[in-house]
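What's in final_2.csv: CSV, C-alpha atoms (C1' of nucleotides)
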```csv
chain,number,residue,atom,x,y,z
C,1,MET,CA,135.6,229.3,-24.9
C,2,ASN,CA,138.0,227.6,-27.3
C,3,PRO,CA,136.4,225.3,-29.8
C,4,GLU,CA,138.2,222.2,-28.4
C,5,LEU,CA,136.2,222.2,-25.2
C,6,SER,CA,133.0,223.8,-26.4
C,7,LEU,CA,129.7,221.9,-26.3
C,8,GLN,CA,128.3,223.9,-29.3
C,9,LEU,CA,127.1,221.5,-31.9
C,10,ASP,CA,128.9,223.3,-34.7
C,11,ASP,CA,132.2,222.9,-32.8
C,12,GLN,CA,131.9,219.1,-32.7
C,13,LEU,CA,134.0,217.3,-35.2
C,14,CYS,CA,132.0,214.2,-34.3
C,15,PHE,CA,128.8,215.8,-35.5
C,16,LYS,CA,130.4,217.1,-38.7
C,17,LEU,CA,131.6,213.6,-39.5
C,18,TYR,CA,128.3,212.1,-38.6
C,19,ALA,CA,126.4,214.6,-40.8
C,20,ALA,CA,128.8,214.5,-43.7
C,21,SER,CA,128.8,210.7,-43.7
C,22,ARG,CA,125.0,210.5,-43.9
C,23,ALA,CA,124.9,213.3,-46.5
C,24,VAL,CA,127.4,211.4,-48.8
C,25,VAL,CA,125.4,208.2,-48.4
C,26,ARG,CA,122.2,210.2,-49.4
C,27,ALA,CA,124.0,211.6,-52.4
C,28,TYR,CA,124.9,208.1,-53.6
C,29,LYS,CA,121.4,206.8,-52.9
C,30,PRO,CA,119.6,207.8,-56.2
C,31,MET,CA,122.4,206.2,-58.2
C,32,LEU,CA,122.6,203.0,-56.1
C,33,ASP,CA,118.8,202.7,-56.2
C,34,GLU,CA,119.1,202.1,-59.9
C,35,LEU,CA,121.5,199.2,-59.2
C,36,GLY,CA,119.3,197.8,-56.4
C,37,LEU,CA,122.0,198.3,-53.8
C,38,THR,CA,122.1,200.0,-50.4
C,39,TYR,CA,125.2,201.9,-49.5
C,40,PRO,CA,126.6,199.2,-47.2
C,41,GLN,CA,125.9,196.6,-49.9
C,42,TYR,CA,127.8,198.8,-52.3
C,43,LEU,CA,130.8,198.8,-50.0
C,44,VAL,CA,130.7,195.1,-49.8
C,45,MET,CA,130.6,194.8,-53.5
C,46,LEU,CA,133.6,197.2,-53.8
C,47,VAL,CA,135.7,194.8,-51.6
C,48,MET,CA,134.4,191.8,-53.5
C,49,TRP,CA,135.4,193.3,-56.8
C,50,GLU,CA,138.8,194.2,-55.4
C,51,TRP,CA,139.4,190.6,-54.2
C,52,HIS,CA,138.0,189.1,-57.3
C,53,GLN,CA,141.0,190.3,-59.2
C,54,ALA,CA,143.6,189.8,-56.6
C,55,ALA,CA,142.8,186.9,-54.3
C,56,PRO,CA,139.2,185.6,-54.5
C,57,GLU,CA,139.8,182.8,-52.1
C,58,GLN,CA,140.4,185.1,-49.2
C,59,ALA,CA,136.8,186.3,-49.3
C,60,THR,CA,135.1,185.3,-46.1
C,61,VAL,CA,132.6,187.0,-43.7
C,62,LYS,CA,135.4,187.4,-41.3
C,63,ALA,CA,137.8,189.1,-43.8
C,64,LEU,CA,135.0,191.4,-45.0
C,65,GLY,CA,134.2,192.3,-41.4
C,66,THR,CA,137.8,193.2,-40.8
C,67,ARG,CA,138.0,195.3,-44.0
C,68,LEU,CA,134.8,197.2,-43.4
C,69,MET,CA,134.9,197.2,-39.6
C,70,LEU,CA,131.5,195.4,-39.4
C,71,ASP,CA,130.5,192.3,-37.5
C,72,SER,CA,128.6,189.2,-38.5
C,73,GLY,CA,125.4,190.7,-36.9
C,74,THR,CA,125.5,193.3,-39.7
C,75,LEU,CA,127.1,191.3,-42.4
C,76,THR,CA,125.2,188.0,-42.3
C,77,PRO,CA,121.7,189.4,-43.1
C,78,LEU,CA,123.2,191.8,-45.6
C,79,LEU,CA,125.1,189.0,-47.4
C,80,LYS,CA,122.0,186.9,-47.5
C,81,ARG,CA,120.2,189.8,-49.3
C,82,LEU,CA,123.0,190.1,-51.8
C,83,GLU,CA,122.9,186.3,-52.3
C,84,GLN,CA,119.1,186.5,-52.9
C,85,GLN,CA,119.7,189.1,-55.5
C,86,GLY,CA,122.0,186.7,-57.2
C,87,LEU,CA,125.1,188.9,-56.9
C,88,LEU,CA,127.2,186.4,-54.8
C,89,ILE,CA,127.3,182.9,-53.4
C,90,ARG,CA,127.9,182.0,-49.8
C,91,GLN,CA,129.1,178.5,-48.8
C,92,ARG,CA,130.8,176.9,-45.9
C,93,SER,CA,134.5,176.4,-46.3
C,94,THR,CA,135.4,172.7,-46.5
C,95,SER,CA,138.8,173.2,-45.0
C,96,ASP,CA,137.4,175.1,-42.0
C,97,GLU,CA,133.7,174.4,-41.4
C,98,ARG,CA,133.5,177.6,-39.2
C,99,ALA,CA,134.2,179.9,-42.1
C,100,VAL,CA,131.8,181.0,-44.9
C,101,ASN,CA,133.4,181.6,-48.3
C,102,LEU,CA,132.0,184.3,-50.6
C,103,GLN,CA,132.3,184.5,-54.3
C,104,LEU,CA,130.8,186.8,-56.9
C,105,SER,CA,128.3,185.4,-59.3
C,106,ASN,CA,128.7,186.3,-63.0
C,107,GLN,CA,126.0,188.8,-62.5
C,108,GLY,CA,127.9,190.2,-59.5
C,109,VAL,CA,131.1,190.5,-61.6
C,110,GLN,CA,129.2,192.3,-64.4
C,111,LEU,CA,127.5,194.8,-62.1
C,112,ARG,CA,130.9,196.5,-61.7
C,113,GLU,CA,130.6,198.0,-65.2
C,114,ARG,CA,127.6,199.9,-64.1
C,115,VAL,CA,129.3,201.2,-61.0
C,116,ILE,CA,132.4,202.7,-62.7
C,117,PRO,CA,130.7,205.9,-63.9
C,118,LEU,CA,129.0,206.6,-60.5
C,119,LYS,CA,131.9,208.3,-58.7
C,120,ALA,CA,132.8,210.6,-61.6
C,121,GLN,CA,129.1,211.6,-61.9
C,122,LEU,CA,128.9,212.4,-58.1
C,123,ILE,CA,132.1,214.4,-58.1
C,124,CYS,CA,130.9,216.3,-61.1
C,125,GLU,CA,127.5,217.1,-59.7
C,126,SER,CA,129.0,218.2,-56.4
C,127,GLY,CA,131.4,220.6,-58.2
C,128,ALA,CA,134.0,219.7,-55.6
C,129,ASP,CA,137.7,220.3,-56.2
C,130,LEU,CA,139.5,217.0,-56.8
C,131,ASN,CA,142.7,218.0,-54.9
C,132,GLU,CA,140.6,219.1,-52.0
C,133,LEU,CA,138.7,215.8,-51.9
C,134,ASP,CA,142.0,213.9,-52.0
C,135,GLU,CA,143.5,215.9,-49.2
C,136,LEU,CA,140.3,215.5,-47.1
C,137,ARG,CA,140.3,211.8,-47.7
C,138,ALA,CA,143.9,211.5,-46.4
C,139,GLN,CA,143.0,213.5,-43.3
C,140,VAL,CA,139.9,211.7,-42.4
C,141,GLY,CA,141.9,208.5,-43.0
C,142,GLY,CA,144.5,209.8,-40.6
C,143,LEU,CA,141.9,210.5,-37.9
C,144,LEU,CA,140.5,207.0,-38.5
C,145,GLU,CA,143.9,205.4,-38.0
C,146,ARG,CA,144.3,207.3,-34.7
C,147,ILE,CA,140.9,206.2,-33.4
C,148,ALA,CA,140.9,202.6,-34.6
C,149,PRO,CA,143.6,201.4,-32.3
C,150,MET,CA,141.7,202.8,-29.3
C,151,LEU,CA,138.8,200.5,-30.4
C,152,GLY,CA,140.9,197.4,-31.0
C,153,TYR,CA,141.4,197.5,-34.7
R,1,MET,CA,144.6,204.9,-62.2
R,2,ASN,CA,144.2,208.2,-60.4
R,3,PRO,CA,142.5,208.0,-57.1
R,4,GLU,CA,139.6,210.1,-58.2
R,5,LEU,CA,138.2,207.4,-60.4
R,6,SER,CA,139.5,204.4,-58.6
R,7,LEU,CA,137.0,201.9,-57.2
R,8,GLN,CA,139.5,200.7,-54.5
R,9,LEU,CA,137.9,200.9,-51.1
R,10,ASP,CA,140.8,202.8,-49.6
R,11,ASP,CA,140.5,205.5,-52.3
R,12,GLN,CA,136.9,206.2,-51.4
R,13,LEU,CA,136.4,209.4,-49.3
R,14,CYS,CA,132.9,208.1,-48.7
R,15,PHE,CA,134.1,205.0,-47.0
R,16,LYS,CA,136.7,206.9,-44.9
R,17,LEU,CA,133.9,209.2,-43.7
R,18,TYR,CA,131.6,206.3,-43.0
R,19,ALA,CA,134.2,204.4,-41.1
R,20,ALA,CA,135.5,207.4,-39.2
R,21,SER,CA,132.0,208.5,-38.2
R,22,ARG,CA,131.2,205.0,-36.8
R,23,ALA,CA,134.6,204.9,-35.1
R,24,VAL,CA,134.1,208.2,-33.3
R,25,VAL,CA,130.6,207.1,-32.2
R,26,ARG,CA,132.1,203.9,-30.8
R,27,ALA,CA,134.8,205.9,-29.0
R,28,TYR,CA,132.1,208.0,-27.3
R,29,LYS,CA,130.0,205.0,-26.4
R,30,PRO,CA,131.6,203.8,-23.1
R,31,MET,CA,131.3,207.4,-21.7
R,32,LEU,CA,127.7,207.9,-23.0
R,33,ASP,CA,126.7,204.5,-21.6
R,34,GLU,CA,127.4,205.8,-18.1
R,35,LEU,CA,125.0,208.7,-18.8
R,36,GLY,CA,122.4,206.3,-20.3
R,37,LEU,CA,122.5,208.1,-23.7
R,38,THR,CA,123.0,206.9,-27.2
R,39,TYR,CA,125.1,209.0,-29.6
R,40,PRO,CA,122.1,210.5,-31.5
R,41,GLN,CA,120.4,211.2,-28.1
R,42,TYR,CA,123.6,213.0,-27.1
R,43,LEU,CA,123.5,215.2,-30.1
R,44,VAL,CA,119.8,216.1,-29.4
R,45,MET,CA,120.8,217.0,-25.8
R,46,LEU,CA,123.7,219.2,-27.1
R,47,VAL,CA,121.2,221.2,-29.2
R,48,MET,CA,118.7,221.4,-26.3
R,49,TRP,CA,121.4,222.7,-23.9
R,50,GLU,CA,122.4,225.2,-26.6
R,51,TRP,CA,118.8,226.5,-27.0
R,52,HIS,CA,118.1,226.4,-23.3
R,53,GLN,CA,120.5,229.3,-22.8
R,54,ALA,CA,119.6,231.2,-25.9
R,55,ALA,CA,116.0,230.7,-27.0
R,56,PRO,CA,114.2,227.8,-25.3
R,57,GLU,CA,110.9,228.5,-27.0
R,58,GLN,CA,112.3,227.7,-30.5
R,59,ALA,CA,112.8,224.0,-29.5
R,60,THR,CA,110.4,221.9,-31.7
R,61,VAL,CA,110.8,218.6,-33.4
R,62,LYS,CA,111.0,220.5,-36.7
R,63,ALA,CA,113.8,222.8,-35.6
R,64,LEU,CA,115.7,219.9,-34.1
R,65,GLY,CA,115.3,218.0,-37.4
R,66,THR,CA,116.7,221.0,-39.3
R,67,ARG,CA,119.6,221.4,-37.0
R,68,LEU,CA,120.6,217.7,-37.0
R,69,MET,CA,119.3,216.9,-40.5
R,70,LEU,CA,117.0,214.2,-39.2
R,71,ASP,CA,113.3,213.7,-39.8
R,72,SER,CA,110.4,213.0,-37.5
R,73,GLY,CA,110.6,209.3,-38.3
R,74,THR,CA,113.9,209.2,-36.5
R,75,LEU,CA,113.3,211.9,-33.9
R,76,THR,CA,109.8,211.0,-32.6
R,77,PRO,CA,110.8,207.7,-31.1
R,78,LEU,CA,114.1,209.0,-30.0
R,79,LEU,CA,112.5,212.0,-28.2
R,80,LYS,CA,109.9,209.6,-26.6
R,81,ARG,CA,112.8,207.7,-25.1
R,82,LEU,CA,114.4,210.8,-23.7
R,83,GLU,CA,111.1,211.8,-22.3
R,84,GLN,CA,110.7,208.4,-20.6
R,85,GLN,CA,114.2,208.9,-19.1
R,86,GLY,CA,112.9,212.2,-17.6
R,87,LEU,CA,115.4,214.3,-19.5
R,88,LEU,CA,112.8,216.4,-21.4
R,89,ILE,CA,109.1,217.2,-21.8
R,90,ARG,CA,107.2,217.0,-25.1
R,91,GLN,CA,104.0,218.9,-25.5
R,92,ARG,CA,101.9,220.2,-28.4
R,93,SER,CA,102.2,223.9,-29.0
R,94,THR,CA,99.0,225.8,-28.1
R,95,SER,CA,99.7,228.4,-30.8
R,96,ASP,CA,100.2,225.8,-33.5
R,97,GLU,CA,98.7,222.5,-32.8
R,98,ARG,CA,100.8,220.8,-35.4
R,99,ALA,CA,104.1,221.6,-33.6
R,100,VAL,CA,105.5,219.8,-30.6
R,101,ASN,CA,107.5,222.0,-28.2
R,102,LEU,CA,110.4,220.5,-26.3
R,103,GLN,CA,111.9,221.6,-23.0
R,104,LEU,CA,114.5,220.2,-20.8
R,105,SER,CA,113.5,218.9,-17.4
R,106,ASN,CA,115.6,219.9,-14.4
R,107,GLN,CA,117.3,216.5,-14.7
R,108,GLY,CA,118.0,217.3,-18.3
R,109,VAL,CA,119.6,220.6,-17.5
R,110,GLN,CA,121.7,219.0,-14.8
R,111,LEU,CA,123.0,216.3,-17.0
R,112,ARG,CA,125.1,218.8,-18.9
R,113,GLU,CA,127.5,219.0,-16.0
R,114,ARG,CA,128.4,215.4,-16.5
R,115,VAL,CA,128.9,215.9,-20.2
R,116,ILE,CA,131.4,218.7,-20.0
R,117,PRO,CA,134.5,216.6,-19.2
R,118,LEU,CA,133.7,214.0,-21.9
R,119,LYS,CA,135.2,215.7,-24.9
R,120,ALA,CA,138.5,216.6,-23.2
R,121,GLN,CA,138.8,213.0,-22.0
R,122,LEU,CA,138.3,211.7,-25.5
R,123,ILE,CA,140.7,214.1,-27.1
R,124,CYS,CA,143.2,213.2,-24.4
R,125,GLU,CA,142.8,209.5,-24.8
R,126,SER,CA,143.1,209.7,-28.6
R,127,GLY,CA,146.3,211.7,-28.3
R,128,ALA,CA,145.2,213.8,-31.3
R,129,ASP,CA,146.6,217.2,-32.1
R,130,LEU,CA,144.1,220.0,-31.3
R,131,ASN,CA,145.0,222.1,-34.3
R,132,GLU,CA,144.8,219.2,-36.6
R,133,LEU,CA,141.3,218.3,-35.3
R,134,ASP,CA,140.2,221.9,-35.6
R,135,GLU,CA,141.4,222.0,-39.2
R,136,LEU,CA,139.8,218.7,-40.0
R,137,ARG,CA,136.5,219.9,-38.5
R,138,ALA,CA,136.5,222.9,-40.8
R,139,GLN,CA,137.2,220.8,-43.8
R,140,VAL,CA,134.6,218.2,-43.2
R,141,GLY,CA,132.2,221.1,-42.5
R,142,GLY,CA,133.2,222.5,-45.9
R,143,LEU,CA,132.4,219.2,-47.6
R,144,LEU,CA,129.1,219.0,-45.8
R,145,GLU,CA,128.2,222.5,-47.0
R,146,ARG,CA,128.9,221.6,-50.5
R,147,ILE,CA,126.9,218.4,-50.4
R,148,ALA,CA,124.0,219.7,-48.3
R,149,PRO,CA,122.5,221.9,-51.0
R,150,MET,CA,122.5,219.0,-53.5
R,151,LEU,CA,120.2,217.2,-51.0
R,152,GLY,CA,117.9,220.1,-50.4
R,153,TYR,CA,119.3,221.5,-47.1
L,1,DC,C1',84.4,232.7,-46.7
L,2,DG,C1',85.6,228.0,-48.6
L,3,DC,C1',88.6,224.9,-50.5
L,4,DA,C1',93.2,223.5,-52.2
L,5,DA,C1',97.9,223.2,-51.0
L,6,DT,C1',101.2,223.1,-47.5
L,7,DT,C1',103.1,221.9,-43.1
L,8,DA,C1',104.4,219.3,-38.5
L,9,DA,C1',104.3,214.9,-36.4
L,10,DA,C1',103.4,210.3,-36.1
L,11,DT,C1',103.3,205.8,-38.1
L,12,DT,C1',104.9,201.8,-40.8
L,13,DG,C1',108.2,199.1,-43.0
L,14,DC,C1',112.9,198.0,-44.3
L,15,DA,C1',117.9,197.8,-43.7
L,16,DC,C1',121.6,198.7,-41.1
L,17,DA,C1',124.9,198.8,-36.6
L,18,DC,C1',126.1,196.7,-32.6
L,19,DA,C1',126.0,194.4,-28.0
L,20,DA,C1',125.1,189.9,-26.2
L,21,DT,C1',124.4,185.2,-26.6
L,22,DC,C1',124.6,180.7,-28.8
L,23,DT,C1',126.5,176.9,-31.6
L,24,DA,C1',129.8,174.3,-33.8
L,25,DA,C1',134.4,173.7,-35.1
L,26,DA,C1',139.3,174.2,-34.6
L,27,DT,C1',143.3,174.8,-31.7
L,28,DA,C1',146.0,174.8,-27.5
L,29,DA,C1',147.4,172.8,-23.1
L,30,DG,C1',148.3,169.4,-20.1
X,1,DC,C1',144.0,161.9,-26.3
X,2,DT,C1',141.0,165.0,-23.7
X,3,DT,C1',139.5,169.0,-22.0
X,4,DA,C1',139.7,174.1,-22.0
X,5,DT,C1',140.0,178.0,-24.9
X,6,DT,C1',139.5,180.4,-28.9
X,7,DT,C1',137.3,181.4,-33.2
X,8,DA,C1',133.7,182.1,-37.2
X,9,DG,C1',129.0,182.7,-37.9
X,10,DA,C1',124.4,183.0,-36.8
X,11,DT,C1',120.7,184.8,-33.9
X,12,DT,C1',118.2,188.1,-30.9
X,13,DG,C1',117.0,192.5,-29.3
X,14,DT,C1',117.4,197.6,-29.2
X,15,DG,C1',118.0,201.9,-31.5
X,16,DT,C1',118.6,204.5,-35.2
X,17,DG,C1',118.0,206.5,-40.4
X,18,DC,C1',115.0,207.2,-44.0
X,19,DA,C1',111.3,206.6,-47.5
X,20,DA,C1',106.4,206.6,-47.8
X,21,DT,C1',102.0,207.2,-46.0
X,22,DT,C1',98.6,209.2,-42.8
X,23,DT,C1',96.4,212.6,-39.8
X,24,DA,C1',95.5,217.0,-38.3
X,25,DA,C1',96.2,221.8,-38.4
X,26,DT,C1',97.4,226.0,-40.9
X,27,DT,C1',98.0,228.9,-44.8
X,28,DG,C1',97.1,230.6,-49.4
X,29,DC,C1',94.1,231.8,-53.0
X,30,DG,C1',90.2,233.1,-55.6
```

Exercise: express the given structure as C-alpha cells:
Amino acid sequence: MNPELSLQLDDQLCFKLYAASRAVVRAYKPMLDELGLTYPQYLVMLVMWEWHQAAPEQATVKALGTRLMLDSGTLTPLLKRLEQQGLLIRQRSTSDERAVNLQLSNQGVQLRERVIPLKAQLICESGADLNELDELRAQVGGLLERIAPMLGY
Amino acid sequence: MNPELSLQLDDQLCFKLYAASRAVVRAYKPMLDELGLTYPQYLVMLVMWEWHQAAPEQATVKALGTRLMLDSGTLTPLLKRLEQQGLLIRQRSTSDERAVNLQLSNQGVQLRERVIPLKAQLICESGADLNELDELRAQVGGLLERIAPMLGY
DNA sequence: CGCAATTAAATTGCACACAATCTAAATAAG
DNA sequence: CTTATTTAGATTGTGTGCAATTTAATTGCG
C-alpha cells in the first residue's frame, strides 16, 4: 500500500503535525511557566509586540483573530486573563463601539526583554540544525497556505 | 535580523506547526462529523484498527497513550465516549488489574470501511502534491523525533 | 515474607479550541 | 429615513490536553 492511502498512523501527515505541534508547545512550557504565560498567550504577546512597534492602533480582537486564526470564543477569555495579569488593556473603541482595542501595558512591553533569549535557548537545547528548521518552517507554511483557503482564510 | 532569532510571528516554526495542525484538523472535521468522531477519537480508532489486525491483545490505555503521546487524563474520558457510541469495549485486565484492555466492537471494526476514502478525498480537495506531502511528513516526523527525547518519550 | 517504590487508571482543575447563539452597533438597500 | 443585513464581541456548551493528585495493584528489595 502506498503511504498516501495508508491508514497506518505513522503514514499520516496529520498525526505528525498534531504530535509535533504539541511536542513543541511542551518544549516551550517550562520557559513560559517562568513568565506566567501559556503558549497561546505567548503567541498573542508576539503579535502585540509586533504591532506595538509598527501600528499599535490596529490591535483589536478581530485583527488578532485573523492573525492567529482564532475566534472570539477563544480570545475573549484569554485576553481577559492577560489583562488581569496586567500585560495589556482592553477597551471599547470610541469610533466603532463594536470593536475592542488592545494595547500593551508598560509591564507588557517590558516582558519582551525576557522572551528574547527563549528561542535561542530552545534551539540550542534541541540541537537542531538551523537551516533545516528554516526549510521546515517554509514547508509547513506552504502546507498551511494550501489548506487555509479551503477553510475560508 | 536572521529568522532564527526573530520574534516575528511569521518567523516562528512553532506557530506554523500550531496553525497547520489546527487547519488540518478543521479540514478533516466535516468528514469526521458524518462519522460522529472528533479528530483525537479518529486517531484512537486508527491505532485500534492497526492493532486489530496485528496484535489486538496489546490494546490498553497505557499503550494507546504511548502511541499517541497522550495521558490517561485525556484518554479516559475520550475512550468512555467511544464506548458509549458502541465503537469499543473497555474492561479491566484479569492478569493485571491495573490495566484496562480495549477492543473494537463489530461496529467499531466496520467503521473502518467508511474511513478509507476520507484521506484520498482530502488530498484531492487540497490539490496538494503527493510527493511534497510525503517529504513534509518525513521532515515533520524528523523534527518530532528530535524533540520527543527532550520531553521524555 | 513484608514493606517501599513503581505503575496504570481515574479524577480534578484549568486553559484552550471551536461551534452555535446572542447582543449591540454599523452599514446597506430601498 | 427605515428596515434588513452584516459585523465585532461575548457567552454557552462540548471535548480535548495536561499537570497534579488519588487509588489500587504490582514489583523490587532486603

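Residue-level contacts from chain R to chain C at 6 Å, counting all atoms listed in the file, read R:Leu13, R:Lys16, R:Leu17, R:Tyr18, R:Ala20, R:Ser21, R:Arg137, R:Gly141, R:Leu144.
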
For Gln41 (chain R), work out the shell of residues within 8 Å, counting all atoms listed in the file and skipping chain neighbours fewer than 3 positions away, then give it as a VMD selection string. chain R and resid 37 to 38 44 to 45 78 to 79 82

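For the pair CA of Gln107 (chain C) and CA of Leu87 (chain C), the interatomic distance is 5.7 Å.
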
Closest atom pairs, chain L residues within 12 Å of chain C, all atoms listed in the file, as JSON lines:
```
{"residue": "L:DC14", "atom": "C1'", "partner": "C:Thr38", "partner_atom": "CA", "distance": 11.2}
{"residue": "L:DA15", "atom": "C1'", "partner": "C:Thr38", "partner_atom": "CA", "distance": 8.2}
{"residue": "L:DC16", "atom": "C1'", "partner": "C:Thr74", "partner_atom": "CA", "distance": 6.8}
{"residue": "L:DA17", "atom": "C1'", "partner": "C:Thr74", "partner_atom": "CA", "distance": 6.3}
{"residue": "L:DC18", "atom": "C1'", "partner": "C:Gly73", "partner_atom": "CA", "distance": 7.4}
{"residue": "L:DA19", "atom": "C1'", "partner": "C:Gly73", "partner_atom": "CA", "distance": 9.7}
{"residue": "L:DA20", "atom": "C1'", "partner": "C:Gly73", "partner_atom": "CA", "distance": 10.7}
{"residue": "L:DT21", "atom": "C1'", "partner": "C:Gly73", "partner_atom": "CA", "distance": 11.7}
{"residue": "L:DT23", "atom": "C1'", "partner": "C:Arg98", "partner_atom": "CA", "distance": 10.4}
{"residue": "L:DA24", "atom": "C1'", "partner": "C:Arg98", "partner_atom": "CA", "distance": 7.3}
{"residue": "L:DA25", "atom": "C1'", "partner": "C:Arg98", "partner_atom": "CA", "distance": 5.7}
{"residue": "L:DA26", "atom": "C1'", "partner": "C:Asp96", "partner_atom": "CA", "distance": 7.7}
{"residue": "L:DT27", "atom": "C1'", "partner": "C:Asp96", "partner_atom": "CA", "distance": 11.9}
```

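The two atoms in question, C1' of DT6 (chain L) and CA of Trp51 (chain R), are spaced 27.2 Å apart.
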
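Comparing the minimum interatomic distances between chain X and each of R:Leu88, R:Glu34, R:Thr66, R:Arg81, counting all atoms listed in the file, we find that R:Arg81 sits nearest.
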
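If you look at CA of Lys62 (chain R) and C1' of DA8 (chain L), they are 6.9 Å away from each other.
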
For chain X, report every residue with an atom at most 8 Å from chain R (counting all atoms listed in the file), formatted as a PyMOL selection string. chain X and resi 16-18+24-26

Would you fill the gaps in region 110-125 of chain C so it has N, CA, C and O atoms, then print it as an mmCIF file, in the frame of the given file?
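New file result_34.cif:
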```cif
data_model
loop_
_atom_site.group_PDB
_atom_site.id
_atom_site.type_symbol
_atom_site.label_atom_id
_atom_site.label_comp_id
_atom_site.auth_asym_id
_atom_site.auth_seq_id
_atom_site.Cartn_x
_atom_site.Cartn_y
_atom_site.Cartn_z
ATOM 1 N N GLN C 110 129.579 191.357 -63.321
ATOM 2 C CA GLN C 110 129.200 192.300 -64.400
ATOM 3 C C GLN C 110 128.647 193.612 -63.839
ATOM 4 O O GLN C 110 128.763 194.644 -64.495
ATOM 5 N N LEU C 111 128.094 193.574 -62.637
ATOM 6 C CA LEU C 111 127.500 194.800 -62.100
ATOM 7 C C LEU C 111 128.582 195.910 -61.961
ATOM 8 O O LEU C 111 128.270 197.101 -62.015
ATOM 9 N N ARG C 112 129.845 195.505 -61.849
ATOM 10 C CA ARG C 112 130.900 196.500 -61.700
ATOM 11 C C ARG C 112 130.937 197.513 -62.816
ATOM 12 O O ARG C 112 131.203 198.693 -62.580
ATOM 13 N N GLU C 113 130.617 197.068 -64.016
ATOM 14 C CA GLU C 113 130.600 198.000 -65.200
ATOM 15 C C GLU C 113 129.691 199.160 -64.955
ATOM 16 O O GLU C 113 129.976 200.280 -65.358
ATOM 17 N N ARG C 114 128.562 198.868 -64.317
ATOM 18 C CA ARG C 114 127.600 199.900 -64.100
ATOM 19 C C ARG C 114 127.934 200.857 -62.978
ATOM 20 O O ARG C 114 127.323 201.924 -62.816
ATOM 21 N N VAL C 115 128.901 200.439 -62.165
ATOM 22 C CA VAL C 115 129.300 201.200 -61.000
ATOM 23 C C VAL C 115 130.409 202.214 -61.363
ATOM 24 O O VAL C 115 130.509 203.293 -60.781
ATOM 25 N N ILE C 116 131.209 201.854 -62.340
ATOM 26 C CA ILE C 116 132.400 202.700 -62.700
ATOM 27 C C ILE C 116 132.046 204.150 -62.902
ATOM 28 O O ILE C 116 132.751 205.014 -62.372
ATOM 29 N N PRO C 117 130.981 204.486 -63.639
ATOM 30 C CA PRO C 117 130.700 205.900 -63.900
ATOM 31 C C PRO C 117 130.158 206.676 -62.679
ATOM 32 O O PRO C 117 130.137 207.908 -62.690
ATOM 33 N N LEU C 118 129.713 205.968 -61.653
ATOM 34 C CA LEU C 118 129.000 206.600 -60.500
ATOM 35 C C LEU C 118 129.832 207.719 -59.852
ATOM 36 O O LEU C 118 129.351 208.815 -59.598
ATOM 37 N N LYS C 119 131.069 207.369 -59.533
ATOM 38 C CA LYS C 119 131.900 208.300 -58.700
ATOM 39 C C LYS C 119 132.149 209.578 -59.493
ATOM 40 O O LYS C 119 132.031 210.670 -58.932
ATOM 41 N N ALA C 120 132.507 209.426 -60.763
ATOM 42 C CA ALA C 120 132.800 210.600 -61.600
ATOM 43 C C ALA C 120 131.535 211.502 -61.633
ATOM 44 O O ALA C 120 131.618 212.726 -61.508
ATOM 45 N N GLN C 121 130.379 210.854 -61.778
ATOM 46 C CA GLN C 121 129.100 211.600 -61.900
ATOM 47 C C GLN C 121 128.866 212.387 -60.576
ATOM 48 O O GLN C 121 128.515 213.564 -60.604
ATOM 49 N N LEU C 122 129.115 211.720 -59.436
ATOM 50 C CA LEU C 122 128.900 212.400 -58.100
ATOM 51 C C LEU C 122 129.833 213.537 -57.938
ATOM 52 O O LEU C 122 129.422 214.618 -57.507
ATOM 53 N N ILE C 123 131.097 213.319 -58.255
ATOM 54 C CA ILE C 123 132.100 214.400 -58.100
ATOM 55 C C ILE C 123 131.713 215.569 -58.999
ATOM 56 O O ILE C 123 131.789 216.728 -58.594
ATOM 57 N N CYS C 124 131.279 215.225 -60.193
ATOM 58 C CA CYS C 124 130.900 216.300 -61.100
ATOM 59 C C CYS C 124 129.725 217.074 -60.623
ATOM 60 O O CYS C 124 129.765 218.304 -60.581
ATOM 61 N N GLU C 125 128.674 216.371 -60.175
ATOM 62 C CA GLU C 125 127.500 217.100 -59.700
ATOM 63 C C GLU C 125 127.791 217.946 -58.473
ATOM 64 O O GLU C 125 127.206 219.015 -58.304
#
```
